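Data block for upload_15.txt (compact mmCIF, C-alpha atoms):
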# COMPACT_ATOMS: atom_id res chain seq x y z
CA MET A 729 -35.86 49.30 16.33
CA LEU A 730 -35.68 45.82 14.97
CA ARG A 731 -33.35 45.62 11.98
CA ASP A 732 -34.17 43.30 9.09
CA ARG A 733 -31.38 40.85 9.90
CA ASP A 734 -32.64 40.44 13.45
CA ARG A 735 -35.89 39.04 12.13
CA ILE A 736 -34.23 36.31 10.12
CA PRO A 737 -34.32 32.97 11.89
CA ALA A 738 -30.91 31.26 12.23
CA ARG A 739 -32.08 28.35 10.11
CA THR A 740 -32.62 30.68 7.13
CA VAL A 741 -29.16 32.22 7.50
CA GLY A 742 -27.69 28.71 7.26
CA GLN A 743 -29.76 27.98 4.18
CA ASP A 744 -28.71 31.26 2.58
CA GLN A 745 -25.08 30.44 3.23
CA ARG A 746 -25.40 27.02 1.61
CA ARG A 747 -27.11 28.57 -1.39
CA LEU A 748 -24.43 31.24 -1.64
CA LEU A 749 -21.66 28.62 -1.62
CA GLY A 750 -23.40 26.74 -4.42
CA GLY A 751 -24.12 30.01 -6.24
CA ALA A 752 -20.48 31.10 -5.98
CA ALA A 753 -19.37 27.82 -7.57
CA SER A 754 -21.77 28.00 -10.50
CA ALA A 755 -21.25 31.73 -11.08
CA LEU A 756 -17.47 31.20 -11.03
CA ALA A 757 -17.73 28.41 -13.59
CA GLU A 758 -19.71 30.74 -15.82
CA HIS A 759 -17.77 34.01 -15.43
CA GLY A 760 -14.29 33.16 -14.12
CA TYR A 761 -12.87 34.80 -11.00
CA ALA A 762 -11.72 38.09 -12.55
CA GLU A 763 -15.16 38.87 -13.98
CA LEU A 764 -17.15 37.41 -11.10
CA THR A 765 -19.32 39.93 -9.22
CA ILE A 766 -21.46 39.70 -6.10
CA ALA A 767 -24.45 40.29 -8.40
CA HIS A 768 -23.54 37.09 -10.29
CA ILE A 769 -23.27 35.13 -7.04
CA VAL A 770 -26.57 36.31 -5.53
CA ALA A 771 -28.37 35.74 -8.85
CA ALA A 772 -27.03 32.17 -9.07
CA ALA A 773 -27.82 31.56 -5.39
CA GLY A 774 -31.30 33.08 -5.61
CA VAL A 775 -30.80 35.14 -2.44
CA SER A 776 -30.72 38.87 -1.77
CA ARG A 777 -27.65 41.07 -1.71
CA THR A 778 -28.45 41.72 1.97
CA ALA A 779 -28.23 37.99 2.61
CA PHE A 780 -24.84 37.97 0.91
CA TYR A 781 -23.45 40.64 3.22
CA GLU A 782 -24.90 38.88 6.25
CA ASN A 783 -22.67 35.94 5.41
CA PHE A 784 -19.58 37.33 3.67
CA VAL A 785 -17.66 40.60 3.61
CA ASP A 786 -16.75 40.36 -0.07
CA LYS A 787 -16.49 38.19 -3.18
CA ARG A 788 -13.18 36.66 -2.17
CA ALA A 789 -14.46 35.61 1.28
CA CYS A 790 -17.42 33.89 -0.36
CA VAL A 791 -15.25 32.08 -2.94
CA LEU A 792 -12.79 31.06 -0.21
CA ALA A 793 -15.65 29.55 1.80
CA ALA A 794 -17.09 27.83 -1.29
CA HIS A 795 -13.66 26.43 -2.13
CA ARG A 796 -13.16 25.16 1.42
CA ALA A 797 -16.61 23.55 1.41
CA ALA A 798 -15.97 21.90 -1.99
CA PHE A 799 -12.65 20.52 -0.78
CA GLY A 800 -14.31 19.21 2.38
CA ARG A 801 -16.89 17.48 0.23
CA LEU A 802 -14.22 15.94 -2.00
CA MET A 803 -12.21 14.68 0.99
CA ALA A 804 -15.32 13.17 2.56
CA GLU A 805 -16.11 11.31 -0.67
CA ILE A 806 -12.52 10.16 -1.09
CA THR A 807 -12.38 8.94 2.51
CA ARG A 808 -15.63 7.08 2.07
CA GLY A 809 -14.48 5.53 -1.22
CA CYS A 810 -11.12 4.45 0.21
CA ALA A 811 -12.61 2.94 3.37
CA ALA A 812 -14.05 0.04 1.37
CA GLU A 813 -10.58 -1.01 0.12
CA SER A 814 -7.63 -2.43 2.01
CA LEU A 815 -4.75 -2.33 -0.51
CA TRP A 816 -3.23 1.05 -1.36
CA PRO A 817 -3.46 0.82 -5.18
CA ARG A 818 -7.15 -0.06 -4.84
CA LYS A 819 -7.64 2.81 -2.40
CA LEU A 820 -6.15 5.18 -4.98
CA ARG A 821 -8.40 3.75 -7.67
CA ALA A 822 -11.42 4.24 -5.38
CA ALA A 823 -10.34 7.82 -4.62
CA ILE A 824 -10.23 8.59 -8.36
CA ALA A 825 -13.65 7.01 -8.82
CA ALA A 826 -14.97 9.21 -5.98
CA LEU A 827 -13.45 12.31 -7.59
CA PHE A 828 -15.07 11.59 -10.94
CA ALA A 829 -18.42 10.67 -9.41
CA LEU A 830 -18.42 14.03 -7.66
CA ALA A 831 -17.30 15.83 -10.85
CA ALA A 832 -20.25 14.28 -12.69
CA ALA A 833 -22.76 15.05 -9.92
CA GLU A 834 -21.51 18.53 -9.01
CA PRO A 835 -19.36 19.83 -11.87
CA ALA A 836 -19.37 23.47 -10.70
CA ARG A 837 -18.00 22.53 -7.28
CA MET A 838 -15.24 20.40 -8.73
CA TYR A 839 -14.46 23.10 -11.28
CA LEU A 840 -13.99 25.47 -8.36
CA LEU A 841 -11.33 23.09 -6.96
CA ALA A 842 -9.62 22.49 -10.30
CA THR A 843 -9.60 25.89 -11.92
CA GLY A 844 -6.42 27.86 -12.48
CA THR A 845 -8.38 31.11 -12.38
CA LEU A 846 -7.92 31.29 -8.59
CA ALA A 847 -4.14 31.52 -9.05
CA ALA A 848 -4.46 35.21 -9.88
CA ASP A 849 -5.55 36.03 -6.32
CA ARG A 850 -2.77 35.48 -3.78
CA ILE A 851 -5.02 34.38 -0.90
CA LEU A 852 -7.14 32.06 -3.04
CA ALA A 853 -3.99 30.70 -4.65
CA ASP A 854 -2.55 29.89 -1.22
CA GLN A 855 -5.68 28.00 -0.20
CA ALA A 856 -5.71 26.12 -3.52
CA SER A 857 -2.01 25.25 -3.05
CA GLU A 858 -2.71 23.84 0.40
CA CYS A 859 -5.38 21.57 -1.08
CA THR A 860 -3.01 20.42 -3.83
CA ALA A 861 -0.33 19.74 -1.22
CA HIS A 862 -2.81 17.75 0.86
CA LEU A 863 -3.79 15.56 -2.11
CA ALA A 864 -0.13 15.21 -3.15
CA ALA A 865 0.70 13.99 0.36
CA LEU A 866 -2.06 11.37 0.13
CA LEU A 867 -0.71 10.20 -3.22
CA ARG A 868 2.83 10.12 -1.82
CA GLU A 869 1.62 7.47 0.65
CA GLY A 870 1.89 5.13 -2.32
CA ARG A 871 5.68 5.23 -2.05
CA ARG A 872 5.50 3.36 1.26
CA HIS A 873 3.24 0.67 -0.13
CA THR A 874 4.97 -0.15 -3.40
CA PRO A 875 8.65 -0.86 -4.12
CA ARG A 876 8.63 1.31 -7.26
CA GLY A 877 7.94 4.46 -5.29
CA VAL A 878 11.45 4.54 -3.82
CA GLY A 879 13.58 7.21 -5.48
CA LEU A 880 10.80 8.91 -7.41
CA SER A 881 11.35 12.61 -8.01
CA ASP A 882 9.79 14.79 -5.28
CA LEU A 883 7.83 16.64 -7.94
CA VAL A 884 5.95 13.56 -9.16
CA GLU A 885 2.96 13.94 -6.83
CA PRO A 886 2.43 17.72 -7.07
CA ALA A 887 2.90 17.47 -10.85
CA LEU A 888 0.33 14.66 -11.12
CA ILE A 889 -2.23 16.44 -8.93
CA GLY A 890 -1.67 19.72 -10.79
CA GLY A 891 -1.99 17.87 -14.08
CA VAL A 892 -5.29 16.24 -13.12
CA ALA A 893 -6.57 19.65 -11.96
CA SER A 894 -5.62 21.22 -15.30
CA LEU A 895 -7.47 18.49 -17.23
CA LEU A 896 -10.58 18.90 -15.05
CA ASP A 897 -10.31 22.67 -15.35
CA GLU A 898 -10.54 22.28 -19.12
CA ARG A 899 -13.24 19.58 -19.15
CA LEU A 900 -15.50 20.97 -16.42
CA ARG A 901 -16.05 24.36 -18.04
CA ALA A 902 -18.48 22.61 -20.38
CA PRO A 903 -19.00 19.27 -18.67
CA ASP A 904 -19.90 16.34 -20.88
CA PRO A 905 -20.78 13.25 -18.79
CA ALA A 906 -19.63 10.77 -21.44
CA GLN A 907 -16.30 12.55 -21.88
CA LEU A 908 -15.77 12.68 -18.12
CA ALA A 909 -16.53 8.98 -17.80
CA ALA A 910 -13.98 8.24 -20.52
CA LEU A 911 -11.37 10.38 -18.76
CA GLU A 912 -11.62 8.49 -15.47
CA PRO A 913 -9.71 5.28 -16.40
CA GLU A 914 -7.12 7.35 -18.29
CA VAL A 915 -6.41 9.47 -15.21
CA ALA A 916 -6.36 6.35 -13.02
CA GLN A 917 -3.80 4.74 -15.29
CA VAL A 918 -1.47 7.76 -15.29
CA LEU A 919 -1.69 8.20 -11.50
CA LEU A 920 -1.16 4.51 -10.71
CA THR A 921 1.72 3.84 -13.15
CA PRO A 922 4.55 5.41 -11.10
CA TYR A 923 3.64 3.18 -8.14
CA VAL A 924 2.56 -0.15 -9.60
CA GLY A 925 3.95 -0.09 -13.16
CA ARG A 926 2.17 0.12 -16.48
CA THR A 927 0.61 -3.33 -16.71
CA GLU A 928 -0.95 -3.40 -13.26
CA ALA A 929 -2.00 0.24 -13.63
CA ALA A 930 -3.86 -0.53 -16.87
CA TRP A 931 -5.57 -3.48 -15.21
CA LEU A 932 -6.61 -1.52 -12.11
CA ALA A 933 -7.67 1.49 -14.18
CA ALA A 934 -10.05 -0.58 -16.26
CA GLY A 935 -11.56 -2.30 -13.21
CA MET B 649 22.09 38.62 -28.25
CA ALA B 650 18.56 37.65 -29.17
CA ASP B 651 17.85 36.84 -25.52
CA ASP B 652 18.51 40.43 -24.48
CA ALA B 653 16.03 41.79 -26.98
CA GLY B 654 13.08 40.06 -25.34
CA PRO B 655 9.77 39.32 -26.98
CA PHE B 656 9.10 42.85 -28.15
CA ALA B 657 12.07 43.55 -30.37
CA ILE B 658 10.85 44.52 -33.83
CA SER B 659 13.27 42.24 -35.59
CA SER B 660 13.50 38.70 -34.26
CA ASP B 661 17.27 38.42 -34.68
CA SER B 662 19.99 40.23 -32.82
CA SER B 663 18.17 43.45 -31.98
CA PRO B 664 18.80 45.39 -28.80
CA PRO B 665 15.67 46.49 -26.93
CA TRP B 666 15.66 49.78 -28.82
CA ALA B 667 12.15 48.94 -30.01
CA LEU B 668 10.96 50.04 -26.62
CA ALA B 669 12.65 53.45 -26.78
CA ARG B 670 10.38 56.39 -27.32
CA LEU B 671 10.39 58.03 -30.70
CA PRO B 672 11.81 61.54 -30.99
CA VAL B 673 9.18 64.16 -30.24
CA GLY B 674 7.71 66.12 -33.15
CA ARG B 675 8.50 65.52 -36.80
CA HIS B 676 11.04 62.75 -37.16
CA GLY B 677 10.69 61.54 -40.72
CA LEU B 678 10.50 57.88 -39.65
CA PRO B 679 8.42 55.61 -41.91
CA ARG B 680 4.83 55.22 -40.76
CA GLU B 681 5.08 51.40 -40.48
CA PHE B 682 8.04 51.82 -38.17
CA VAL B 683 6.21 54.28 -35.95
CA GLU B 684 3.17 52.02 -35.75
CA GLU B 685 5.17 48.91 -34.98
CA ASN B 686 7.09 50.82 -32.36
CA GLN B 687 3.82 51.94 -30.75
CA ARG B 688 2.40 48.45 -30.82
CA ASN B 689 5.54 47.01 -29.26
CA ARG B 690 5.54 49.70 -26.60
CA LEU B 691 1.92 48.94 -25.81
CA MET B 692 2.63 45.21 -25.53
CA ALA B 693 5.73 45.80 -23.39
CA ALA B 694 3.59 47.99 -21.12
CA ALA B 695 0.80 45.41 -21.12
CA LEU B 696 3.25 42.69 -20.08
CA GLU B 697 4.44 44.82 -17.16
CA ALA B 698 0.92 45.89 -16.14
CA PHE B 699 -0.78 42.48 -16.41
CA ALA B 700 2.08 40.57 -14.83
CA THR B 701 2.49 42.90 -11.84
CA GLY B 702 -1.07 44.14 -11.35
CA GLY B 703 -3.01 41.09 -12.59
CA TYR B 704 -5.25 40.94 -15.66
CA GLY B 705 -8.50 41.53 -13.75
CA PRO B 706 -7.59 44.74 -11.90
CA THR B 707 -5.46 46.25 -14.70
CA SER B 708 -7.18 48.97 -16.73
CA ILE B 709 -6.43 50.22 -20.24
CA ALA B 710 -5.52 53.52 -18.53
CA ALA B 711 -2.72 51.74 -16.64
CA VAL B 712 -1.36 50.26 -19.87
CA ILE B 713 -1.31 53.53 -21.81
CA ARG B 714 0.23 55.35 -18.85
CA LEU B 715 3.09 52.85 -18.78
CA ALA B 716 3.43 52.88 -22.57
CA GLY B 717 3.40 56.67 -22.72
CA VAL B 718 0.94 56.73 -25.59
CA SER B 719 -2.50 58.27 -25.92
CA ARG B 720 -5.78 56.42 -25.47
CA SER B 721 -6.55 56.87 -29.16
CA THR B 722 -3.21 55.21 -30.03
CA PHE B 723 -4.24 52.24 -27.86
CA TYR B 724 -7.54 51.91 -29.71
CA ALA B 725 -5.81 52.26 -33.06
CA HIS B 726 -4.02 48.99 -32.23
CA PHE B 727 -6.43 47.08 -29.99
CA PRO B 728 -10.24 47.25 -29.70
CA ASP B 729 -10.17 46.27 -26.01
CA LYS B 730 -8.11 45.02 -23.06
CA GLU B 731 -8.61 41.35 -23.91
CA THR B 732 -7.26 41.74 -27.45
CA CYS B 733 -4.26 43.59 -26.06
CA PHE B 734 -3.64 40.74 -23.61
CA LEU B 735 -3.95 38.13 -26.37
CA ALA B 736 -1.49 39.96 -28.64
CA THR B 737 0.97 40.29 -25.76
CA TYR B 738 0.54 36.64 -24.79
CA ASP B 739 1.00 35.47 -28.39
CA SER B 740 4.21 37.50 -28.74
CA VAL B 741 5.59 36.16 -25.48
CA VAL B 742 4.74 32.55 -26.40
CA ALA B 743 6.15 32.92 -29.94
CA TRP B 744 9.37 34.32 -28.51
CA LEU B 745 9.66 31.66 -25.76
CA THR B 746 8.95 28.76 -28.10
CA GLY B 747 11.29 30.22 -30.73
CA GLN B 748 14.11 30.45 -28.19
CA ALA B 749 13.43 26.94 -26.89
CA THR B 750 13.35 25.55 -30.42
CA ASP B 751 16.71 27.20 -31.12
CA ALA B 752 18.12 25.73 -27.90
CA ALA B 753 17.05 22.21 -28.90
CA ASP B 754 17.82 22.58 -32.59
CA ASP B 755 21.26 20.99 -32.77
CA VAL B 756 20.63 18.53 -29.96
CA ASP B 757 20.49 14.85 -30.87
CA GLY B 758 18.02 12.52 -29.22
CA TRP B 759 14.55 13.07 -27.81
CA ALA B 760 15.58 12.91 -24.15
CA HIS B 761 18.44 15.41 -24.60
CA ARG B 762 16.13 17.71 -26.57
CA THR B 763 13.43 17.50 -23.89
CA VAL B 764 15.92 18.50 -21.20
CA ALA B 765 17.25 21.32 -23.43
CA VAL B 766 13.72 22.69 -23.89
CA VAL B 767 12.96 22.46 -20.15
CA ASP B 768 16.24 24.20 -19.24
CA SER B 769 15.78 26.86 -21.91
CA LEU B 770 12.20 27.70 -20.95
CA LEU B 771 12.85 27.73 -17.21
CA GLY B 772 15.93 29.89 -17.78
CA LEU B 773 13.95 32.44 -19.80
CA LEU B 774 11.03 32.45 -17.34
CA ASP B 775 13.42 32.80 -14.42
CA ALA B 776 15.26 35.69 -16.08
CA ASP B 777 11.96 37.56 -16.50
CA VAL B 778 9.37 36.29 -14.03
CA ARG B 779 6.74 38.50 -15.71
CA LEU B 780 6.71 36.06 -18.64
CA ALA B 781 6.04 33.17 -16.23
CA ARG B 782 3.28 35.15 -14.53
CA LEU B 783 1.63 35.87 -17.89
CA CYS B 784 1.86 32.28 -19.20
CA ALA B 785 1.21 30.29 -16.02
CA VAL B 786 -1.18 32.50 -14.04
CA GLU B 787 -2.82 35.43 -15.87
CA VAL B 788 -3.67 33.43 -19.01
CA PHE B 789 -6.23 31.51 -16.92
CA VAL B 790 -8.13 34.63 -15.91
CA ALA B 791 -8.02 36.55 -19.18
CA GLY B 792 -11.14 34.99 -20.66
CA PRO B 793 -12.07 31.93 -22.73
CA VAL B 794 -10.04 32.87 -25.83
CA ALA B 795 -6.87 33.17 -23.74
CA ARG B 796 -7.63 29.76 -22.25
CA ARG B 797 -7.86 28.24 -25.71
CA ARG B 798 -4.51 29.79 -26.66
CA HIS B 799 -3.03 28.17 -23.55
CA GLU B 800 -4.54 24.83 -24.52
CA ASP B 801 -3.11 25.24 -28.05
CA LEU B 802 0.33 25.80 -26.54
CA ILE B 803 -0.04 22.69 -24.37
CA ASP B 804 -1.07 20.72 -27.50
CA ARG B 805 2.03 21.87 -29.37
CA LEU B 806 4.34 21.03 -26.48
CA ALA B 807 2.53 17.70 -26.03
CA ALA B 808 3.28 16.77 -29.65
CA GLY B 809 7.02 17.12 -28.93
CA LEU B 810 6.81 15.20 -25.68
CA ARG B 811 4.75 12.45 -27.31
CA LEU B 812 7.72 11.60 -29.55
CA GLY B 813 9.15 9.99 -26.42
CA ARG B 814 6.72 7.11 -26.88
CA GLY B 815 8.88 5.89 -29.74
CA VAL B 816 12.04 6.09 -27.62
CA GLY B 817 11.61 4.19 -24.37
CA SER B 818 9.60 1.04 -23.89
CA SER B 819 7.56 2.46 -21.02
CA GLY B 820 5.51 5.06 -22.85
CA VAL B 821 4.42 3.03 -25.87
CA GLU B 822 0.91 2.24 -24.74
CA ALA B 823 0.45 5.05 -22.26
CA SER B 824 -2.86 6.87 -22.02
CA PRO B 825 -3.43 9.67 -24.58
CA ILE B 826 -3.88 12.11 -21.71
CA LEU B 827 -0.35 11.47 -20.40
CA GLU B 828 1.24 14.44 -22.19
CA PRO B 829 -1.41 17.11 -21.45
CA LEU B 830 -1.50 15.89 -17.84
CA LEU B 831 2.29 16.09 -17.44
CA LEU B 832 2.45 19.54 -19.07
CA GLY B 833 -0.55 20.86 -17.13
CA GLY B 834 1.24 19.66 -14.01
CA ALA B 835 4.44 21.42 -15.09
CA VAL B 836 2.55 24.70 -15.59
CA SER B 837 0.99 24.41 -12.14
CA LEU B 838 4.45 23.82 -10.62
CA ILE B 839 5.73 26.95 -12.37
CA ALA B 840 2.75 28.94 -11.05
CA ARG B 841 3.43 27.65 -7.56
CA ALA B 842 7.16 28.41 -7.76
CA ILE B 843 6.53 32.08 -8.58
CA SER B 844 3.58 32.56 -6.25
CA GLY B 845 5.63 33.52 -3.20
CA ASP B 846 8.20 36.27 -3.35
CA GLU B 847 9.04 37.41 -6.83
CA GLN B 848 12.71 36.58 -6.57
CA GLY B 849 14.39 34.59 -9.29
CA GLY B 850 16.18 31.28 -8.99
CA ARG B 851 13.23 29.17 -7.88
CA LEU B 852 12.30 28.26 -11.43
CA LEU B 853 15.85 27.15 -12.19
CA ASP B 854 15.75 24.91 -9.10
CA LEU B 855 12.73 23.21 -10.62
CA GLY B 856 14.72 22.09 -13.69
CA PRO B 857 16.32 18.75 -12.75
CA GLU B 858 13.25 17.29 -11.06
CA LEU B 859 10.88 18.56 -13.72
CA SER B 860 13.02 16.95 -16.42
CA GLU B 861 12.99 13.71 -14.47
CA ALA B 862 9.21 13.83 -14.04
CA LEU B 863 8.79 14.38 -17.81
CA LEU B 864 11.25 11.67 -18.89
CA ALA B 865 10.27 8.97 -16.37
CA PRO B 866 6.96 7.93 -17.98
CA TYR B 867 8.81 7.18 -21.24
CA LEU B 868 12.21 5.89 -20.16
CA GLY B 869 11.09 4.38 -16.87
CA PRO B 870 12.01 6.02 -13.53
CA THR B 871 15.38 4.33 -13.08
CA ALA B 872 16.54 4.92 -16.66
CA ALA B 873 15.39 8.55 -16.47
CA ARG B 874 17.40 9.12 -13.30
CA GLU B 875 20.46 7.44 -14.77
CA PHE B 876 20.15 9.40 -18.01
CA LEU B 877 20.04 12.70 -16.12
CA ALA B 878 22.94 11.73 -13.82
CA ASP B 879 25.00 10.74 -16.84
CA ARG B 880 24.09 13.93 -18.70
CA ASN B 881 24.99 15.98 -15.66
CA LYS B 882 28.38 14.24 -15.38
CA HIS B 883 29.21 14.96 -19.02
CA SER B 884 28.17 18.57 -18.86
CA LYS B 885 30.56 19.27 -15.98
Encoded form using structure tokens:
Amino acid sequence: MLRDRDRIPARTVGQDQRRLLGGAASALAEHGYAELTIAHIVAAAGVSRTAFYENFVDKRACVLAAHRAAFGRLMAEITRGCAAESLWPRKLRAAIAALFALAAAEPARMYLLATGTLAADRILADQASECTAHLAALLREGRRHTPRGVGLSDLVEPALIGGVASLLDERLRAPDPAQLAALEPEVAQVLLTPYVGRTEAAWLAAG
Amino acid sequence: MADDAGPFAISSDSSPPWALARLPVGRHGLPREFVEENQRNRLMAAALEAFATGGYGPTSIAAVIRLAGVSRSTFYAHFPDKETCFLATYDSVVAWLTGQATDAADDVDGWAHRTVAVVDSLLGLLDADVRLARLCAVEVFVAGPVARRRHEDLIDRLAAGLRLGRGVGSSGVEASPILEPLLLGGAVSLIARAISGDEQGGRLLDLGPELSEALLAPYLGPTAAREFLADRNKHSK
């Protein structure tokens, strides 16, 4: 006997998965991880519960995949933004612009990356920590390109990345485009200052 | 010592943790207010244990009352639901932590010395009872929107103290208004990360020197912050 899932063309499964990843992000932004249910995810994704279980074993697996996809998207945008610049401080400025452009275009996905609600689940927390560490390592590159970076505390980069995440966590729960746009140069200034100093940071942040 | 009493002592001064002891069974002639406060404290002590070890999401009211050794009706006499119980527990923990940190910085002269005293005090308290760190740096984010606002209120209060540094060094004068919430949000995420592995103590204390440096540097400048801490360290030995 032909089961239902055998009738579904592969293309549809891929579409369902994409919708589920988007649905997981928006449902998480609305309900938070503790309250999030598979019913919330499938309702936000507009797919059936059967389609959910064809793609993921449980809620956590779906959120893990959505988080991974969102981080992949962010890194692709950052890479693209940085490629146009040659000097490190300008690359950092471009990376921040890419982050905020993505936050404005896809707030639920960026909320998924920023939110502290994942910290309550050990496996999600580990994946989120890896992403923070990856971004902190990129920021740390600045030490090699600017004389001021020598001798900075090792915690500077993880603290800055964690701090930006906490601000976005707060702002992206009820995203306001004008407020986000105002936040961008402020974040740029704080992130650039340890590497290039206050004056140059203010100038680059405004640019 | 006040430290030994923890956040759930009935009196905020030098009480031992007797507030958590069970009342004698049967008729005991204790005043009703005392009995009720004792029950409430026992519930919050149990809630701290349950939420910090089991997580806010999975923890049921049944788990809290089992740990507290009170009846379900006693729970509902004090709290209408799990969220309100969490908020009361969180508020008590934060009031106790900030009270202790304020005491630690009270007689200290100078913004930079006070900042380091607050950092050392808070990390010491969180390290001594990792459940408090778990509640304030992890579970508060999953306990609903009201809990989140309480966390943001706490960050605002701490930010006001940190912001005083703008009048001290030359570096922070014209810094962005988001500097303080960003630094403190970063500090909370570092605390969450430090306790996310094994639950053993000590890792939060290790965070102290570098965290102080990261908080002072934007105001004093990185070199001056490092020198200040080296000098302070030399004098404290």
Specify as a PyMOL selection string all residues of chain B found within 7 Å of chain A, counting all atoms listed in the file. chain B and resi 703+705+786-787+789-790+824+826-827+830-835+837-838+858-859+861-862+870
CA of Leu691 in chain B and CA of Arg841 in chain B, how far apart in Å?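 Interatomic distance here is 28.1 Å.
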Please measure the separation of CA of Thr746 in chain B and CA of Ser769 in chain B, giving the value in Å to one decimal.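 Between these atoms lies a distance of 9.4 Å.
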State, in Å with one decimal place, the distance from CA of Phe784 in chain A to CA of Ile769 in chain A.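 According to the coordinates, CA of Phe784 in chain A and CA of Ile769 in chain A are separated by 11.5 Å.
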Name all residues at most 12 Å from range 902-906 of chain A (count all atoms listed in the file; drop same-chain ones fewer than 2 positions away) and give them as a list of chain:residue names. A:Ser754, A:Ala757, A:Glu758, A:Phe828, A:Ala829, A:Leu830, A:Ala831, A:Ala832, A:Ala833, A:Glu834, A:Pro835, A:Ala836, A:Arg837, A:Met838, A:Tyr839, A:Leu895, A:Leu896, A:Asp897, A:Glu898, A:Arg899, A:Leu900, A:Leu908, A:Ala909, A:Ala910, A:Leu911, A:Glu912, B:Pro793
Tell me which of B:Glu822, B:Ile843, B:Ala760, B:His883 sits closest to Ser860 in chain B, counting all atoms listed in the file.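 Comparing B:Glu822, B:Ile843, B:Ala760, B:His883 against Ser860 in chain B, the winner is B:Ala760.
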Within 8 Å of Ile839 in chain B, counting all atoms listed in the file, which residues qualify if same-chain residues fewer than 3 places away don't, as a PyMOL selection string? chain B and resi 781+785+835-836+842-843+852
